[in-house]
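Visitor: Supplied structure: upload-v7.pdb, PDB, C-alpha atoms and all ligand atoms.
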```
ATOM      1  CA  MET A 528       2.263  -2.154 -34.629
ATOM      2  CA  PRO A 529      -0.740  -3.720 -32.852
ATOM      3  CA  PRO A 530      -2.365  -1.743 -30.031
ATOM      4  CA  LEU A 531      -0.749  -2.339 -26.650
ATOM      5  CA  GLN A 532      -2.432  -2.878 -23.309
ATOM      6  CA  ILE A 533       0.134  -2.556 -20.552
ATOM      7  CA  ARG A 534      -0.623  -3.007 -16.870
ATOM      8  CA  PHE A 535       1.422  -2.994 -13.706
ATOM      9  CA  ARG A 536       0.065  -5.652 -11.400
ATOM     10  CA  ARG A 537       0.669  -6.778  -7.865
ATOM     11  CA  PHE A 538       3.021  -9.657  -8.450
ATOM     12  CA  THR A 539       5.215 -10.930  -5.650
ATOM     13  CA  SER A 540       8.095 -11.428  -8.080
ATOM     14  CA  LEU A 541       9.399  -9.614 -11.113
ATOM     15  CA  ASN A 542       7.124 -11.740 -13.320
ATOM     16  CA  THR A 543       6.272 -10.276 -16.676
ATOM     17  CA  THR A 544       3.990 -11.753 -19.300
ATOM     18  CA  ILE A 545       3.213 -10.873 -22.890
ATOM     19  CA  ARG A 546       0.410 -12.250 -25.068
ATOM     20  CA  LEU A 547      -0.947 -11.502 -28.497
ATOM     21  CA  ARG A 548      -4.708 -11.917 -28.595
ATOM     22  CA  LYS A 549      -7.236 -10.725 -31.170
ATOM     23  CA  GLY A 550      -4.719  -8.384 -32.746
ATOM     24  CA  GLN A 551      -3.760  -6.730 -29.446
ATOM     25  CA  ILE A 552      -0.669  -7.129 -27.316
ATOM     26  CA  PHE A 553      -1.269  -7.558 -23.589
ATOM     27  CA  VAL A 554       1.632  -6.988 -21.230
ATOM     28  CA  SER A 555       1.544  -7.492 -17.454
ATOM     29  CA  LEU A 556       4.428  -6.190 -15.418
ATOM     30  CA  SER A 557       5.077  -6.467 -11.718
ATOM     31  CA  ASP A 558       4.467  -3.214  -9.871
ATOM     32  CA  LEU A 559       7.970  -3.732  -8.483
ATOM     33  CA  LEU A 560       9.132  -2.487 -11.880
ATOM     34  CA  GLU A 561       7.092   0.683 -11.756
ATOM     35  CA  GLY A 562       9.970   2.854 -10.586
ATOM     36  CA  ALA A 563      12.679   1.102 -12.624
ATOM     37  CA  PRO A 564      15.057   3.258 -14.703
ATOM     38  CA  GLU A 565      14.047   3.793 -18.305
ATOM     39  CA  SER A 566      16.942   1.694 -19.608
ATOM     40  CA  VAL A 567      15.566  -1.270 -17.654
ATOM     41  CA  ILE A 568      12.019  -0.773 -18.951
ATOM     42  CA  ARG A 569      13.466  -0.510 -22.441
ATOM     43  CA  ALA A 570      15.409  -3.755 -21.947
ATOM     44  CA  ILE A 571      12.236  -5.489 -20.745
ATOM     45  CA  ALA A 572      10.336  -4.254 -23.811
ATOM     46  CA  HIS A 573      13.037  -5.693 -26.085
ATOM     47  CA  ILE A 574      13.088  -9.009 -24.252
ATOM     48  CA  LEU A 575       9.299  -9.368 -24.326
ATOM     49  CA  LEU A 576       8.897  -8.419 -27.967
ATOM     50  CA  SER A 577      11.649 -10.726 -29.091
ATOM     51  CA  LYS A 578      10.082 -13.559 -27.072
ATOM     52  CA  LEU A 579       6.740 -12.878 -28.704
ATOM     53  CA  TYR A 580       7.907 -12.486 -32.284
ATOM     54  CA  PHE A 581      11.115 -14.538 -32.396
ATOM     55  CA  PRO A 582      10.582 -17.240 -29.764
ATOM     56  CA  ARG A 583      13.385 -19.399 -31.110
ATOM     57  CA  LYS A 584      16.005 -16.673 -31.351
ATOM     58  CA  PRO A 585      18.178 -15.913 -28.333
ATOM     59  CA  VAL A 586      17.404 -12.590 -26.672
ATOM     60  CA  ASP A 587      19.809  -9.724 -27.313
ATOM     61  CA  ALA A 588      22.628 -10.183 -24.788
ATOM     62  CA  ALA A 589      22.993  -6.523 -23.812
ATOM     63  CA  HIS A 590      19.304  -6.162 -22.931
ATOM     64  CA  ASN A 591      19.319  -9.466 -21.109
ATOM     65  CA  LEU A 592      22.297  -8.364 -19.044
ATOM     66  CA  ARG A 593      20.753  -4.978 -18.278
ATOM     67  CA  PHE A 594      17.625  -6.616 -16.899
ATOM     68  CA  LYS A 595      19.499  -9.314 -14.958
ATOM     69  CA  ARG A 596      21.725  -6.704 -13.318
ATOM     70  CA  PHE A 597      18.719  -4.712 -12.258
ATOM     71  CA  ALA A 598      16.817  -7.742 -10.952
ATOM     72  CA  SER A 599      19.750  -8.935  -8.862
ATOM     73  CA  SER A 600      20.718  -5.545  -7.466
ATOM     74  CA  ALA A 601      20.539  -5.520  -3.704
ATOM     75  CA  ALA A 602      17.816  -2.891  -3.401
ATOM     76  CA  VAL A 603      15.450  -4.679  -5.746
ATOM     77  CA  THR A 604      16.078  -8.047  -4.127
ATOM     78  CA  ARG A 605      15.369  -6.613  -0.702
ATOM     79  CA  GLN A 606      12.197  -4.871  -1.835
ATOM     80  CA  THR A 607      10.962  -8.006  -3.595
ATOM     81  CA  GLU A 608      11.547 -10.010  -0.446
ATOM     82  CA  LEU A 609       9.845  -7.480   1.797
ATOM     83  CA  ILE A 610       6.786  -7.392  -0.380
ATOM     84  CA  ARG A 611       6.707 -11.142  -0.731
ATOM     85  CA  THR A 612       6.806 -11.567   3.041
ATOM     86  CA  ALA A 613       4.193  -8.902   3.601
ATOM     87  CA  ARG A 614       1.818 -10.148   0.928
ATOM     88  CA  GLY A 615       2.431 -13.807   1.495
ATOM     89  CA  SER A 616       1.995 -14.174   5.212
ATOM     90  CA  LYS A 617      -0.733 -11.679   5.952
ATOM     91  CA  ARG A 618      -3.469 -12.794   8.303
ATOM     92  CA  TYR A 619      -6.641 -10.840   8.735
ATOM     93  CA  PHE A 620      -8.626 -10.680  11.900
ATOM     94  CA  GLY A 621     -11.441  -8.555  10.608
ATOM     95  CA  PRO A 622     -12.998  -5.226  11.637
ATOM     96  CA  GLU A 623     -15.349  -6.548  14.288
ATOM     97  CA  GLY A 624     -13.948  -6.329  17.777
ATOM     98  CA  ARG A 625     -15.602  -7.173  21.059
ATOM     99  CA  TYR A 626     -16.481  -3.540  21.803
ATOM    100  CA  PHE A 627     -15.806  -1.543  18.652
ATOM    101  CA  HIS A 628     -16.516  -2.159  14.976
ATOM    102  CA  LEU A 629     -13.829  -0.512  12.831
ATOM    103  CA  ASP A 630     -16.004  -0.337   9.695
ATOM    104  CA  GLU A 631     -18.673   1.560  11.599
ATOM    105  CA  ILE A 632     -16.143   4.057  13.003
ATOM    106  CA  PHE A 633     -14.525   4.476   9.591
ATOM    107  CA  ASP A 634     -17.858   5.201   7.936
ATOM    108  CA  SER A 635     -18.838   7.798  10.522
ATOM    109  CA  LEU A 636     -15.455   9.567  10.233
ATOM    110  CA  ASN A 637     -15.701   9.415   6.462
ATOM    111  CA  LEU A 638     -18.991  11.322   6.609
ATOM    112  CA  ARG A 639     -17.823  13.793   9.250
ATOM    113  CA  PHE A 640     -14.457  14.715   7.747
ATOM    114  CA  PHE A 641     -14.280  13.542   4.131
ATOM    115  CA  SER A 642     -17.856  14.034   2.828
ATOM    116  CA  GLY A 643     -18.000  10.251   2.548
ATOM    117  CA  LEU A 644     -15.529  10.319  -0.335
ATOM    118  CA  LEU A 645     -12.754   8.073   0.935
ATOM    119  CA  GLY A 646     -12.871   4.529  -0.396
ATOM    120  CA  ARG A 647     -12.897   2.119   2.518
ATOM    121  CA  PRO A 648      -9.789  -0.097   2.643
ATOM    122  CA  GLU A 649      -9.673  -3.372   4.563
ATOM    123  CA  LEU A 650      -9.886  -2.640   8.271
ATOM    124  CA  THR A 651      -8.663  -5.119  10.792
ATOM    125  CA  TRP A 652      -7.764  -5.471  14.430
ATOM    126  CA  SER A 653      -4.196  -6.602  15.033
ATOM    127  CA  GLU A 654      -3.500 -10.135  16.138
ATOM    128  CA  HIS A 655      -1.743  -9.154  19.354
ATOM    129  CA  LEU A 656      -2.127  -6.406  21.925
ATOM    130  CA  ALA A 657       0.536  -4.365  20.137
ATOM    131  CA  LYS A 658       1.619  -1.242  21.997
ATOM    132  CA  ARG A 659       4.524  -0.144  19.838
ATOM    133  CA  SER A 660       2.404   0.112  16.727
ATOM    134  CA  LEU A 661      -1.054   1.335  17.664
ATOM    135  CA  GLY A 662      -2.159   1.700  14.089
ATOM    136  CA  HIS A 663      -0.718   1.708  10.614
ATOM    137  CA  TYR A 664      -1.748   1.816   7.010
ATOM    138  CA  ASP A 665      -0.337  -1.040   4.975
ATOM    139  CA  ALA A 666      -0.300   0.157   1.371
ATOM    140  CA  ALA A 667       0.712  -3.237  -0.060
ATOM    141  CA  HIS A 668      -2.554  -4.709   1.221
ATOM    142  CA  ASN A 669      -4.596  -1.516   1.282
ATOM    143  CA  THR A 670      -5.347  -2.306   4.897
ATOM    144  CA  ILE A 671      -5.538  -0.251   8.076
ATOM    145  CA  VAL A 672      -4.457  -2.290  11.071
ATOM    146  CA  VAL A 673      -5.479  -1.107  14.543
ATOM    147  CA  SER A 674      -3.955  -2.500  17.694
ATOM    148  CA  ARG A 675      -6.278  -4.679  19.725
ATOM    149  CA  VAL A 676      -5.315  -2.767  22.899
ATOM    150  CA  PHE A 677      -8.052  -0.302  21.943
ATOM    151  CA  ASP A 678     -10.788  -2.903  21.890
ATOM    152  CA  ARG A 679     -11.828  -2.598  25.532
ATOM    153  CA  PRO A 680     -14.633  -0.724  27.274
ATOM    154  CA  SER A 681     -12.221   1.684  28.985
ATOM    155  CA  SER A 682     -10.982   3.025  25.630
ATOM    156  CA  PRO A 683     -12.586   6.365  24.879
ATOM    157  CA  ARG A 684     -14.164   6.338  21.451
ATOM    158  CA  TYR A 685     -12.441   9.617  20.513
ATOM    159  CA  ALA A 686      -8.990   7.990  20.936
ATOM    160  CA  LEU A 687      -9.878   5.232  18.524
ATOM    161  CA  GLU A 688     -11.475   7.773  16.204
ATOM    162  CA  TYR A 689      -8.341   9.880  16.235
ATOM    163  CA  LEU A 690      -6.144   6.871  15.467
ATOM    164  CA  LEU A 691      -8.307   5.871  12.536
ATOM    165  CA  TYR A 692      -8.623   9.477  11.365
ATOM    166  CA  HIS A 693      -4.806   9.737  11.271
ATOM    167  CA  GLU A 694      -4.561   6.591   9.142
ATOM    168  CA  MET A 695      -7.351   7.850   6.886
ATOM    169  CA  LEU A 696      -5.280  10.976   6.262
ATOM    170  CA  HIS A 697      -2.490   8.654   5.107
ATOM    171  CA  LEU A 698      -4.948   7.323   2.518
ATOM    172  CA  LYS A 699      -5.773  10.837   1.434
ATOM    173  CA  TYR A 700      -2.148  12.050   1.374
ATOM    174  CA  PRO A 701       0.064   9.250   0.066
ATOM    175  CA  VAL A 702       3.770   9.403   0.961
ATOM    176  CA  ARG A 703       5.594  11.810  -1.330
ATOM    177  CA  MET A 704       9.249  12.120  -2.103
ATOM    178  CA  ARG A 705      10.769  15.508  -1.319
ATOM    179  CA  GLY A 706      14.177  15.168  -2.938
ATOM    180  CA  LEU A 707      15.462  11.958  -1.398
ATOM    181  CA  ARG A 708      13.387  12.223   1.755
ATOM    182  CA  ARG A 709      10.056  10.538   2.242
ATOM    183  CA  CYS A 710       7.508  13.076   3.355
ATOM    184  CA  VAL A 711       5.038  11.127   5.447
ATOM    185  CA  HIS A 712       3.275  13.851   7.421
ATOM    186  CA  SER A 713       3.183  16.804   5.060
ATOM    187  CA  ARG A 714       2.047  20.290   6.027
ATOM    188  CA  GLU A 715      -1.420  19.682   4.519
ATOM    189  CA  PHE A 716      -1.592  16.402   6.432
ATOM    190  CA  LYS A 717      -0.844  18.104   9.743
ATOM    191  CA  ALA A 718      -3.208  21.009   9.074
ATOM    192  CA  GLU A 719      -6.027  18.599   8.400
ATOM    193  CA  GLU A 720      -5.165  16.465  11.393
ATOM    194  CA  ALA A 721      -5.497  19.552  13.598
ATOM    195  CA  ARG A 722      -9.204  19.703  12.642
ATOM    196  CA  PHE A 723      -9.892  16.715  14.877
ATOM    197  CA  PRO A 724     -11.798  18.230  17.832
ATOM    198  CA  GLN A 725     -10.343  16.117  20.680
ATOM    199  CA  LEU A 726      -6.814  15.990  19.310
ATOM    200  CA  ALA A 727      -5.116  16.941  22.595
ATOM    201  CA  GLU A 728      -7.146  14.485  24.713
ATOM    202  CA  ALA A 729      -6.576  11.707  22.191
ATOM    203  CA  LEU A 730      -2.815  12.267  22.099
ATOM    204  CA  ALA A 731      -2.707  12.306  25.906
ATOM    205  CA  PHE A 732      -4.568   9.000  26.038
ATOM    206  CA  LEU A 733      -2.239   7.390  23.478
ATOM    207  CA  LYS A 734       0.741   8.562  25.480
ATOM    208  CA  ARG A 735      -0.622   6.910  28.633
ATOM    209  CA  LEU A 736      -1.090   3.671  26.707
TER
HETATM  210 ZN    ZN A 801       1.295   8.727  10.414
END
```
In structure tokens, how does this file's structure come out?

Guide:
Amino acid sequence: MPPLQIRFRRFTSLNTTIRLRKGQIFVSLSDLLEGAPESVIRAIAHILLSKLYFPRKPVDAAHNLRFKRFASSAAVTRQTELIRTARGSKRYFGPEGRYFHLDEIFDSLNLRFFSGLLGRPELTWSEHLAKRSLGHYDAAHNTIVVSRVFDRPSSPRYALEYLLYHEMLHLKYPVRMRGLRRCVHSREFKAEEARFPQLAEALAFLKRL
């Protein structure tokens, strides 16, 4: 068997490719398949290998069916669509606001709280003056989006710092599954959040907003 190089990549569909080059097999799978049941991964492996080695033979019907069922199941279809919308229609407005520069604030927080060890994601101001979502981390784009309502001279810097700090903790503590529940703000997350010096003032300001 030739050596295999298998990668999950950010495809917006369930696209999968296989190539044989210089004695190695290269497989690219959509990251949408990363959590697929083993039987589905197995079916995909069969389909790909038979396409590579027996391109003129029809693919084994049972494996074909297994994959088709998975691909058309409601959950997968919905997830594929969500990701396609998110990845397809994203617009960036950049980190430079009129009063605050998000990159600069990120870098200073990184030094103060994370020994400069967090990799900087894309940082951008939101398009609109969103008040329902003041900030969020978008894992599909590795982007922190901050609401433009903060970009005004009356915004205290600590409020913006707190908001960004919270999203940076989401980078540090990715969402985990606890049984069937998503654990977004874990105990470690909250303990570390409490280290922010003006936590109470910042929360009070956000509430007023
Ligand atoms: Zn959060």

Visitor: Give me, as a list in words, all polymer residues having an atom no more than 8 Å from stretch 692-694 of chain A, counting only C-alpha atoms and skipping those fewer than 2 positions away in the same chain.

Guide: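 Everything that qualifies: Phe633, Leu636, Gly662, His663, Tyr664, Ile671, Glu688, Tyr689, Leu690, Leu696, His697, Leu698 and Glu720 of chain A.
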
Visitor: Enter the distance from atom CA of A:Arg714 to atom CA of A:Phe641, in Å, rounded to one decimal.

Guide: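 One can read the atom CA of A:Arg714 to atom CA of A:Phe641 distance as 17.8 Å.
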
Visitor: Could you check which residues have any atom within 12 Å of (-16.5, -0.2, 10.7), counting only C-alpha atoms with coordinates taken straight from the file, and then list them as a PyMOL selection string?

Guide: chain A and resi 621-624+626-637+647-652+671+673+687-688+691

Visitor: Which residues are close to stretch 574-580 of chain A, i.e. within 8 Å by only C-alpha atoms, leaving aside same-chain residues fewer than 4 positions away? Reply as an MDAnalysis selection string.

Guide: chainID A and resid 544:547 570 584 586:587 590:591

Visitor: As an exercise, work out the distance from atom CA of A:Arg534 to atom CA of A:Arg548 in Å and give it to one decimal place.

Guide: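 Computed distance, atom CA of A:Arg534 to atom CA of A:Arg548, equals 15.3 Å.
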
Visitor: Between A:Pro529, A:Pro701, A:Gly643, A:Pro585, which one has atoms that come closest to A:Asp665, using only C-alpha atoms?

Guide: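 Answer, going by the shortest atom-to-atom distance: A:Pro701.
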
Visitor: Using all atoms listed in the file, which of A:Phe553, A:Phe597, A:Phe535, A:Phe677 sits nearest A:Glu565?

Guide: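 Of all the options, A:Phe597 lies closest to A:Glu565.
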
Visitor: Have a look at A:Leu592, A:Ala563, A:Val711, A:Val672 and name the one nearest to ligand ZN 801 (chain A); count all atoms listed in the file.

Guide: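 Among the listed residues, the smallest separation from ligand ZN 801 (chain A) belongs to A:Val711.
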
Visitor: For the atom pair atom CA of A:Pro683 and atom CA of A:Lys658, what is the interatomic distance in Å to one decimal place?

Guide: 16.4 Å

Visitor: Using only C-alpha atoms and all ligand atoms, pick whichever of A:Met695, A:Val567, A:Ala718, A:Ala589 has the shortest atom-to-atom distance to ligand ZN 801 (chain A).

Guide: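 Smallest distance to ligand ZN 801 (chain A) is found for A:Met695.
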
Visitor: Which residue out of A:Ser557, A:Ser600, A:Gln551, A:Thr670 has the minimum interatomic distance to A:Pro530 when only C-alpha atoms are used?

Guide: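 Among A:Ser557, A:Ser600, A:Gln551, A:Thr670, it is A:Gln551 that comes nearest to A:Pro530.
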
Visitor: Pick out the closest residue to ligand ZN 801 (chain A) from this set: A:Ser599, A:Ser674, A:Thr604, A:Ser713. Count all atoms listed in the file.

Guide: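 Closest candidate: A:Ser713.
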
Visitor: Run the PyMOL selection byres (((chain A and resi 732) around 10) and not hetatm) on the file and write out the hits as a VMD selection string.

Guide: chain A and resid 682 to 683 685 to 687 726 to 731 733 to 736

Visitor: Could you write out as lines of an AutoDock Vina configuration file the box around stretch 632-639 of chain A (axis-aligned, all atoms listed in the file, 6 Å on each side), with centre and edge lengths in Å to one decimal?

Guide:
```
center_x = -16.8
center_y = 8.9
center_z = 9.7
size_x = 16.5
size_y = 21.7
size_z = 18.5
```

Visitor: I would like the residues chosen by the PyMOL selection byres (((chain A and resi 558) around 10) and not hetatm) on the shown file; could you give them as number ranges by chain?

Guide: A: 534-543, 555-557, 559-563

Visitor: Would you output that residue set with C-alpha atoms, as a compact mmCIF listing (two decimals), in the frame of the given file?

Guide:
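Ended up saving to selection-v4.txt:
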```txt
# COMPACT_ATOMS: atom_id res chain seq x y z
CA ARG A 534 -0.62 -3.01 -16.87
CA PHE A 535 1.42 -2.99 -13.71
CA ARG A 536 0.06 -5.65 -11.40
CA ARG A 537 0.67 -6.78 -7.86
CA PHE A 538 3.02 -9.66 -8.45
CA THR A 539 5.22 -10.93 -5.65
CA SER A 540 8.10 -11.43 -8.08
CA LEU A 541 9.40 -9.61 -11.11
CA ASN A 542 7.12 -11.74 -13.32
CA THR A 543 6.27 -10.28 -16.68
CA SER A 555 1.54 -7.49 -17.45
CA LEU A 556 4.43 -6.19 -15.42
CA SER A 557 5.08 -6.47 -11.72
CA LEU A 559 7.97 -3.73 -8.48
CA LEU A 560 9.13 -2.49 -11.88
CA GLU A 561 7.09 0.68 -11.76
CA GLY A 562 9.97 2.85 -10.59
CA ALA A 563 12.68 1.10 -12.62
```
